[in-house]
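Structure file entry-v9.tsv with TSV, C-alpha atoms:
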chain	number	residue	atom	x	y	z
E	21	MET	CA	0.00	0.00	0.00
E	22	ILE	CA	2.85	2.39	0.77
E	23	GLY	CA	3.65	4.46	-2.31
E	24	LEU	CA	0.43	3.44	-4.08
E	25	LYS	CA	-0.20	5.41	-7.27
E	26	LEU	CA	-3.49	5.47	-9.10
E	27	LYS	CA	-4.51	7.21	-12.31
E	28	ALA	CA	-7.41	9.53	-11.56
E	29	GLU	CA	-9.01	12.43	-13.38
E	30	GLY	CA	-6.13	12.55	-15.88
E	31	ARG	CA	-3.37	12.89	-13.29
E	32	PHE	CA	-1.28	10.65	-11.11
E	33	PHE	CA	-2.74	10.23	-7.66
E	34	LEU	CA	-0.24	9.80	-4.83
E	35	SER	CA	-1.76	8.49	-1.64
E	36	ILE	CA	-1.05	9.35	1.97
E	37	HIS	CA	0.93	6.65	3.71
E	38	PRO	CA	-0.98	5.16	6.63
E	39	THR	CA	0.81	2.23	8.22
E	40	LEU	CA	0.63	-0.15	11.17
E	41	ARG	CA	4.25	-1.30	10.63
E	42	CYS	CA	2.93	-4.79	10.02
E	43	PRO	CA	5.35	-7.68	9.32
E	44	CYS	CA	3.77	-7.97	5.87
E	45	GLY	CA	4.75	-4.39	5.09
E	46	GLU	CA	1.16	-3.59	4.03
E	47	LEU	CA	1.87	-5.32	0.73
E	48	GLN	CA	-0.98	-7.83	0.97
E	49	THR	CA	-3.73	-5.31	0.22
E	50	THR	CA	-6.43	-4.99	-2.41
E	51	LYS	CA	-8.74	-2.13	-3.32
E	52	SER	CA	-11.75	-2.15	-1.02
E	53	MET	CA	-13.66	1.14	-1.44
E	54	GLU	CA	-13.51	4.26	-3.59
E	55	TYR	CA	-15.29	7.57	-3.09
E	56	ARG	CA	-15.64	10.23	-5.81
E	57	GLN	CA	-17.88	12.48	-3.73
E	58	ARG	CA	-18.47	13.07	-0.05
E	59	PRO	CA	-20.73	10.43	1.49
E	60	ALA	CA	-23.87	11.74	3.15
E	61	GLY	CA	-23.14	13.06	6.64
E	62	GLU	CA	-19.41	13.64	6.15
E	63	THR	CA	-18.32	17.09	7.34
E	64	ALA	CA	-17.49	19.44	4.48
E	65	PHE	CA	-13.92	20.21	5.52
E	66	GLU	CA	-11.77	22.56	3.47
E	67	LEU	CA	-9.63	20.01	1.61
E	68	GLY	CA	-7.92	21.98	-1.13
E	69	SER	CA	-8.94	22.62	-4.71
E	70	GLY	CA	-8.48	19.18	-6.29
E	71	PRO	CA	-11.26	16.67	-7.03
E	72	TYR	CA	-12.66	14.61	-4.21
E	73	LEU	CA	-11.20	11.15	-4.70
E	74	ARG	CA	-10.16	8.74	-2.01
E	75	GLY	CA	-10.64	5.18	-0.83
E	76	TYR	CA	-9.40	2.27	1.23
E	77	GLN	CA	-7.13	-0.69	0.63
E	78	GLY	CA	-8.01	-3.80	2.65
E	79	CYS	CA	-5.37	-6.12	4.11
E	80	ASN	CA	-5.98	-9.68	2.97
E	81	ILE	CA	-4.38	-11.04	6.16
E	82	CYS	CA	-5.82	-9.08	9.11
E	83	LEU	CA	-8.69	-7.23	7.32
E	84	HIS	CA	-7.40	-3.80	8.34
E	85	LEU	CA	-8.40	-0.93	6.03
E	86	PHE	CA	-5.82	1.70	5.02
E	87	GLY	CA	-7.02	5.02	3.61
E	88	TRP	CA	-5.59	6.65	0.49
E	89	HIS	CA	-5.99	10.17	-0.93
E	90	ASP	CA	-4.07	13.33	-1.66
E	91	LEU	CA	-6.53	15.70	0.00
E	92	ASP	CA	-5.11	18.42	2.24
E	93	LEU	CA	-5.65	17.55	5.92
E	94	LYS	CA	-2.52	19.18	7.34
E	95	ASP	CA	-4.33	21.87	9.36
E	96	LEU	CA	-7.43	19.87	10.13
E	97	TYR	CA	-7.01	19.41	13.88
E	98	SER	CA	-5.57	22.80	14.81
E	99	GLY	CA	-8.88	24.52	14.13
E	100	ASN	CA	-10.57	23.36	10.94
E	101	TYR	CA	-11.87	20.22	12.61
E	102	SER	CA	-13.52	22.09	15.49
E	103	ASP	CA	-14.79	24.83	13.17
E	104	SER	CA	-16.39	22.32	10.82
E	105	THR	CA	-17.58	19.83	13.44
E	106	TYR	CA	-18.73	22.06	16.30
E	107	GLY	CA	-18.73	25.56	14.83
E	108	SER	CA	-19.29	28.08	17.61
E	109	GLU	CA	-21.39	25.58	19.54
E	110	MET	CA	-18.69	23.69	21.46
E	111	ALA	CA	-20.21	24.46	24.88
E	112	ALA	CA	-23.74	23.74	23.63
E	113	ASN	CA	-22.68	20.38	22.18
E	114	TYR	CA	-20.88	19.50	25.40
E	115	ASP	CA	-23.98	20.34	27.46
E	116	ARG	CA	-26.21	18.36	25.10
E	117	ILE	CA	-24.08	15.22	25.32
E	118	MET	CA	-23.60	15.51	29.08
E	119	SER	CA	-27.38	15.79	29.55
E	120	LEU	CA	-28.25	12.67	27.52
E	121	PRO	CA	-29.79	9.81	29.49
E	122	PRO	CA	-27.34	6.88	29.84
E	123	GLU	CA	-29.29	4.64	27.48
E	124	ARG	CA	-28.78	7.19	24.67
E	125	SER	CA	-25.16	8.10	25.33
E	126	ASP	CA	-22.06	6.47	23.84
E	127	ASN	CA	-20.04	8.38	26.40
E	128	ALA	CA	-22.02	6.95	29.32
E	129	GLY	CA	-21.31	3.46	27.99
E	130	ARG	CA	-17.61	4.30	27.69
E	131	VAL	CA	-17.43	5.60	31.25
E	132	ASP	CA	-19.24	2.52	32.58
E	133	ARG	CA	-16.93	0.22	30.61
E	134	VAL	CA	-13.76	1.90	31.82
E	135	SER	CA	-14.97	2.23	35.41
E	136	ALA	CA	-15.89	-1.46	35.56
E	137	PHE	CA	-12.47	-2.48	34.24
E	138	MET	CA	-10.62	-0.20	36.62
E	139	ALA	CA	-12.71	-1.20	39.66
E	140	GLY	CA	-10.70	-2.87	42.39
E	141	ARG	CA	-7.37	-1.50	41.16
E	142	PHE	CA	-7.38	1.33	43.72
E	143	ALA	CA	-8.06	1.79	47.40
E	144	ALA	CA	-11.19	3.83	48.08
E	145	ASP	CA	-9.20	6.93	49.06
E	146	GLN	CA	-6.38	6.54	46.54
E	147	PRO	CA	-5.92	9.40	44.03
E	148	LYS	CA	-6.47	8.38	40.42
E	149	ASN	CA	-5.18	10.26	37.40
E	150	LEU	CA	-6.22	10.14	33.75
E	151	LEU	CA	-4.55	11.44	30.60
E	152	ASP	CA	-7.01	11.78	27.72
E	153	VAL	CA	-5.37	12.40	24.34
E	154	GLY	CA	-7.35	14.16	21.62
E	155	SER	CA	-10.03	15.19	24.07
E	156	GLY	CA	-12.21	17.28	21.75
E	157	LEU	CA	-15.37	18.22	23.64
E	158	GLY	CA	-13.97	16.60	26.78
E	159	VAL	CA	-17.07	14.66	27.71
E	160	PHE	CA	-15.16	11.51	28.70
E	161	PRO	CA	-12.64	13.15	31.07
E	162	ALA	CA	-15.45	15.32	32.43
E	163	ARG	CA	-17.37	12.26	33.57
E	164	MET	CA	-14.22	10.69	34.97
E	165	TRP	CA	-13.52	13.91	36.86
E	166	GLN	CA	-16.99	13.68	38.37
E	167	LEU	CA	-16.03	10.18	39.56
E	168	GLY	CA	-13.00	11.54	41.41
E	169	TRP	CA	-10.24	11.33	38.79
E	170	THR	CA	-7.68	14.06	38.22
E	171	CYS	CA	-7.84	14.66	34.49
E	172	THR	CA	-5.18	15.94	32.10
E	173	ILE	CA	-6.20	16.54	28.50
E	174	VAL	CA	-4.16	17.05	25.33
E	175	ASP	CA	-5.67	18.56	22.19
E	176	PRO	CA	-4.17	20.48	19.25
E	177	ASP	CA	-6.98	23.07	19.36
E	178	GLN	CA	-6.55	25.76	22.03
E	179	ARG	CA	-10.32	26.27	22.17
E	180	ALA	CA	-10.84	22.63	23.15
E	181	VAL	CA	-8.20	22.97	25.87
E	182	ASP	CA	-9.73	26.17	27.25
E	183	HIS	CA	-13.19	24.62	27.08
E	184	SER	CA	-12.17	21.62	29.22
E	185	ILE	CA	-10.35	23.80	31.74
E	186	GLU	CA	-13.49	25.91	32.11
E	187	LYS	CA	-15.97	23.05	32.23
E	188	PHE	CA	-14.32	20.65	34.67
E	189	ASN	CA	-11.02	22.06	35.88
E	190	ALA	CA	-8.92	19.92	33.56
E	191	ILE	CA	-5.16	20.22	33.38
E	192	GLY	CA	-4.88	21.24	29.73
E	193	VAL	CA	-2.00	20.98	27.27
E	194	ARG	CA	-2.32	22.28	23.72
E	195	GLY	CA	-0.50	20.50	20.91
E	196	GLU	CA	0.02	17.28	19.04
E	197	PHE	CA	0.70	14.47	21.49
E	198	LEU	CA	4.03	13.50	19.93
E	199	GLU	CA	5.22	17.10	20.22
E	200	VAL	CA	4.12	17.82	23.80
E	201	TYR	CA	4.28	14.53	25.70
E	202	GLY	CA	7.60	15.59	27.25
E	203	GLN	CA	5.70	18.38	29.04
E	204	LEU	CA	3.37	15.94	30.77
E	205	GLU	CA	3.75	14.88	34.37
E	206	GLY	CA	3.60	11.13	33.76
E	207	ASN	CA	2.77	8.27	36.12
E	208	TYR	CA	-0.82	8.16	34.85
E	209	ASP	CA	-3.06	5.35	36.03
E	210	LEU	CA	-5.08	5.50	32.81
E	211	ILE	CA	-4.25	6.90	29.36
E	212	SER	CA	-7.10	7.00	26.87
E	213	PHE	CA	-7.24	7.44	23.09
E	214	ASN	CA	-10.94	7.58	22.27
E	215	LYS	CA	-11.47	7.55	18.49
E	216	VAL	CA	-8.02	9.08	17.94
E	217	LEU	CA	-5.66	6.46	16.47
E	218	GLU	CA	-7.62	6.22	13.23
E	219	HIS	CA	-6.74	9.87	12.54
E	220	LEU	CA	-2.98	9.20	12.63
E	221	GLU	CA	-1.04	7.98	9.62
E	222	ASP	CA	1.21	5.92	11.91
E	223	PRO	CA	-0.57	5.21	15.23
E	224	SER	CA	2.33	3.03	16.40
E	225	GLU	CA	4.33	6.23	16.99
E	226	VAL	CA	2.33	7.10	20.11
E	227	LEU	CA	2.94	3.81	21.92
E	228	ASP	CA	6.50	4.43	23.15
E	229	PRO	CA	5.55	7.78	24.71
E	230	VAL	CA	2.54	6.13	26.33
E	231	LYS	CA	4.83	3.55	27.95
E	232	GLU	CA	6.94	6.39	29.35
E	233	LEU	CA	3.89	8.15	30.81
E	234	LEU	CA	1.99	5.22	32.33
E	235	ALA	CA	2.28	4.33	36.00
E	236	PRO	CA	3.92	0.90	36.57
E	237	ALA	CA	0.54	-0.87	36.58
E	238	GLY	CA	-1.22	1.72	34.44
E	239	ILE	CA	-3.78	0.94	31.75
E	240	LEU	CA	-3.97	2.10	28.14
E	241	TYR	CA	-7.56	2.35	26.87
E	242	VAL	CA	-8.16	2.61	23.11
E	243	GLU	CA	-11.31	2.99	21.02
E	244	VAL	CA	-11.20	2.81	17.21
E	245	PRO	CA	-13.71	2.25	14.40
E	246	ASP	CA	-14.47	-1.39	13.66
E	247	GLY	CA	-14.01	-1.52	9.91
E	248	VAL	CA	-15.10	-5.14	9.62
E	249	GLY	CA	-18.51	-4.58	11.19
E	250	ALA	CA	-19.01	-1.24	9.47
E	251	ALA	CA	-18.14	-2.62	6.02
E	252	ILE	CA	-20.90	-5.20	6.34
E	253	ALA	CA	-23.36	-2.39	7.08
E	254	GLY	CA	-22.22	-0.35	4.06
E	255	PRO	CA	-19.40	1.82	2.69
E	256	ASP	CA	-20.98	5.23	3.35
E	257	ARG	CA	-20.79	5.02	7.12
E	258	GLU	CA	-18.97	7.53	9.32
E	259	GLU	CA	-16.36	4.91	10.22
E	260	PHE	CA	-15.03	5.54	6.70
E	261	PHE	CA	-15.17	9.35	6.60
E	262	VAL	CA	-12.25	11.26	5.09
E	263	GLU	CA	-10.48	12.08	8.36
E	264	HIS	CA	-10.03	8.38	9.16
E	265	HIS	CA	-6.76	7.01	7.78
E	266	HIS	CA	-7.52	3.60	9.29
E	267	ALA	CA	-10.47	1.33	10.02
E	268	PHE	CA	-9.41	-1.51	12.28
E	269	SER	CA	-10.16	-5.17	12.78
E	270	ALA	CA	-9.79	-6.94	16.11
E	271	GLU	CA	-6.70	-8.63	14.72
E	272	SER	CA	-5.08	-5.42	13.49
E	273	LEU	CA	-5.72	-3.57	16.76
E	274	ALA	CA	-4.34	-6.45	18.83
E	275	GLY	CA	-1.32	-6.68	16.53
E	276	LEU	CA	-0.62	-2.94	16.76
E	277	LEU	CA	-0.62	-3.07	20.56
E	278	HIS	CA	1.44	-6.25	20.73
E	279	ARG	CA	4.13	-4.89	18.40
E	280	GLY	CA	4.19	-1.72	20.52
E	281	GLY	CA	5.08	-3.65	23.67
E	282	PHE	CA	1.64	-4.01	25.21
E	283	THR	CA	-0.30	-7.00	26.46
E	284	VAL	CA	-4.01	-6.80	25.68
E	285	ARG	CA	-6.04	-7.47	28.79
E	286	ARG	CA	-9.45	-7.14	27.12
E	287	LEU	CA	-10.61	-6.46	23.57
E	288	GLU	CA	-14.26	-6.05	22.63
E	289	THR	CA	-16.29	-5.39	19.52
E	290	LEU	CA	-19.51	-3.47	20.08
E	291	VAL	CA	-22.23	-1.48	18.41
E	292	GLU	CA	-22.70	1.69	20.39
E	293	VAL	CA	-26.13	3.16	21.07
E	294	SER	CA	-25.46	5.72	18.30
E	295	GLY	CA	-24.99	2.80	15.88
E	296	LYS	CA	-21.20	3.21	15.56
E	297	PHE	CA	-19.21	0.01	15.07
E	298	THR	CA	-16.40	0.19	17.60
E	299	LEU	CA	-13.44	-1.79	18.89
E	300	CYS	CA	-12.15	-1.09	22.38
E	301	ALA	CA	-9.09	-2.48	24.11
E	302	PHE	CA	-7.52	-2.33	27.56
E	303	ALA	CA	-3.79	-3.00	27.60
E	304	GLN	CA	-0.76	-2.88	29.87
E	305	THR	CA	2.90	-2.65	29.03
E	306	SER	CA	4.29	-6.12	28.62
E	307	SER	CA	6.97	-5.37	31.21
E	308	SER	CA	4.39	-4.48	33.86
E	309	THR	CA	2.39	-7.61	33.01
E	310	ASN	CA	5.49	-9.77	33.43
E	311	THR	CA	6.32	-8.07	36.76
E	312	GLN	CA	2.84	-8.80	38.08
E	313	ARG	CA	3.19	-12.48	37.15
E	314	SER	CA	6.63	-12.92	38.71

Before anything else, please render the file you have as C-alpha cells.
Amino acid sequence: MIGLKLKAEGRFFLSIHPTLRCPCGELQTTKSMEYRQRPAGETAFELGSGPYLRGYQGCNICLHLFGWHDLDLKDLYSGNYSDSTYGSEMAANYDRIMSLPPERSDNAGRVDRVSAFMAGRFAADQPKNLLDVGSGLGVFPARMWQLGWTCTIVDPDQRAVDHSIEKFNAIGVRGEFLEVYGQLEGNYDLISFNKVLEHLEDPSEVLDPVKELLAPAGILYVEVPDGVGAAIAGPDREEFFVEHHHAFSAESLAGLLHRGGFTVRRLETLVEVSGKFTLCAFAQTSSSTNTQRS
C-alpha cells in the first residue's frame, strides 16, 4: 500500500501513507472502497482545490483498512476540525451530550466500561489520574472527573483545551501528542485514546511515549472504528469518513498493541447506542504484566 499510485481524473494520484508497521509491510492489500464524492453526513472540511477522490485498501491477512488520498488535511485538527464539526457551539454540544440519558449516550457506555475495568485497582481513598489524548469536547474526562479522577487533556486546538479547563477544571495541554508529551507529568493510572488512532497515519508512533507516561501498573484504553462490522453495514458510514486514515479489525488492533510492547487485557467489539461500530481495548505494558506475574 505504501507508495500506491493510481490514475485519476487525468493525473497521477499519490496516496497518503498510513501504516501499522505490520510484518507484511502492508503489501498484501487490495482495493476495497472508492469515493468520488463526499458520502452523506461527512463534514465538508476545506480540503484543497483538487477533485474529491479517495478510498481504502483492505489487508488480505488481518482485514485492516488503510485510507488513500491526496486531499489536504494538514491543518485539520488545529482549528478546521472544530470549526467544521462544532462551529461556535462547542459548549452547547458538550452540554447536550452531558445531559443525555445513559441509554442514549455512547459516552455513558464508555465511562461505565472503563470504570468497571478499573474497579478494584485502587483503594477507596487513593488518588487516580487520567490522561485523555485528543479530548475534543472533553465529555469523557469530564465524567471521569466527576467520579473523582484528576484529568489531564491534550488537544491540538486551544479552544478545546480552554473549554475543558473551564468546564471541569482539567489540566490542559495544547499541541500534538508526539510534540508535547515531554511536558506531561507522567505516572498516569489510565491513558485513553478515544477515536483518535484512526486519525494518525502511523498510530504506532504514540505507543512508546505512552509507555513512558503510564504508572507501573497503568492501563492504556483505546477505542477505534471497527471496519469489519461497518463494512458489512455499508461503505458510506462515518467509520469511513475522510479524516479516518484507518479502520481496524480486532486482529489489526491487537497486533498494533502487541508490536508496541503491550499486552491486551481485554478487547471487545460493540455497536454503540449511536450505531457506531467500535473496537475497544484495555492493555498494559508487557513489562508491567510480566512483573505482576513474577

Distance query 12 Å from (-27.4, 2.7, 21.9) using all atoms listed in the file, result as a VMD selection string: chain E and resid 120 to 130 290 to 297

Keeping C-alpha atoms for every residue in the selection just given, could you write it to a file as a PDB file, keeping the file's coordinate frame?
ATOM      1  CA  LEU E 120     -28.250  12.670  27.520  1.00  0.00           C
ATOM      2  CA  PRO E 121     -29.790   9.810  29.490  1.00  0.00           C
ATOM      3  CA  PRO E 122     -27.340   6.880  29.840  1.00  0.00           C
ATOM      4  CA  GLU E 123     -29.290   4.640  27.480  1.00  0.00           C
ATOM      5  CA  ARG E 124     -28.780   7.190  24.670  1.00  0.00           C
ATOM      6  CA  SER E 125     -25.160   8.100  25.330  1.00  0.00           C
ATOM      7  CA  ASP E 126     -22.060   6.470  23.840  1.00  0.00           C
ATOM      8  CA  ASN E 127     -20.040   8.380  26.400  1.00  0.00           C
ATOM      9  CA  ALA E 128     -22.020   6.950  29.320  1.00  0.00           C
ATOM     10  CA  GLY E 129     -21.310   3.460  27.990  1.00  0.00           C
ATOM     11  CA  ARG E 130     -17.610   4.300  27.690  1.00  0.00           C
ATOM     12  CA  LEU E 290     -19.510  -3.470  20.080  1.00  0.00           C
ATOM     13  CA  VAL E 291     -22.230  -1.480  18.410  1.00  0.00           C
ATOM     14  CA  GLU E 292     -22.700   1.690  20.390  1.00  0.00           C
ATOM     15  CA  VAL E 293     -26.130   3.160  21.070  1.00  0.00           C
ATOM     16  CA  SER E 294     -25.460   5.720  18.300  1.00  0.00           C
ATOM     17  CA  GLY E 295     -24.990   2.800  15.880  1.00  0.00           C
ATOM     18  CA  LYS E 296     -21.200   3.210  15.560  1.00  0.00           C
ATOM     19  CA  PHE E 297     -19.210   0.010  15.070  1.00  0.00           C
TER      20      PHE E 297
END

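The list of residues with at least one atom within 10 Å of Glu271 in chain E, based on all atoms listed in the file and without residues fewer than 6 positions apart in the same chain, reads Ile81, Cys82, Leu83, His84 and Leu287 of chain E.
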
Around all listed atoms of range 233-243 of chain E, padded 6 Å per side, what centre and edge lengths does the axis-aligned box have in Å to one decimal, as JSON?
{"center_x": -3.7, "center_y": 3.6, "center_z": 28.8, "size_x": 27.2, "size_y": 21.0, "size_z": 27.6}

For Asn207 in chain E: contacts at 12 Å, all atoms listed in the file, fewer than 2 positions along chain excluded, given as a list in words: Pro147, Lys148, Asn149, Leu150, Leu151, Thr172, Leu204, Glu205, Asp209, Leu210, Ile211, Pro229, Val230, Lys231, Glu232, Leu233, Leu234, Ala235, Pro236, Ala237, Gly238 and Ile239 of chain E

Top pick for closest residue to Leu198 in chain E, considering E:Ile36, E:Leu276, E:Leu299, E:Val174 and counting only C-alpha atoms: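 Closest to Leu198 in chain E, using only C-alpha atoms: E:Val174.
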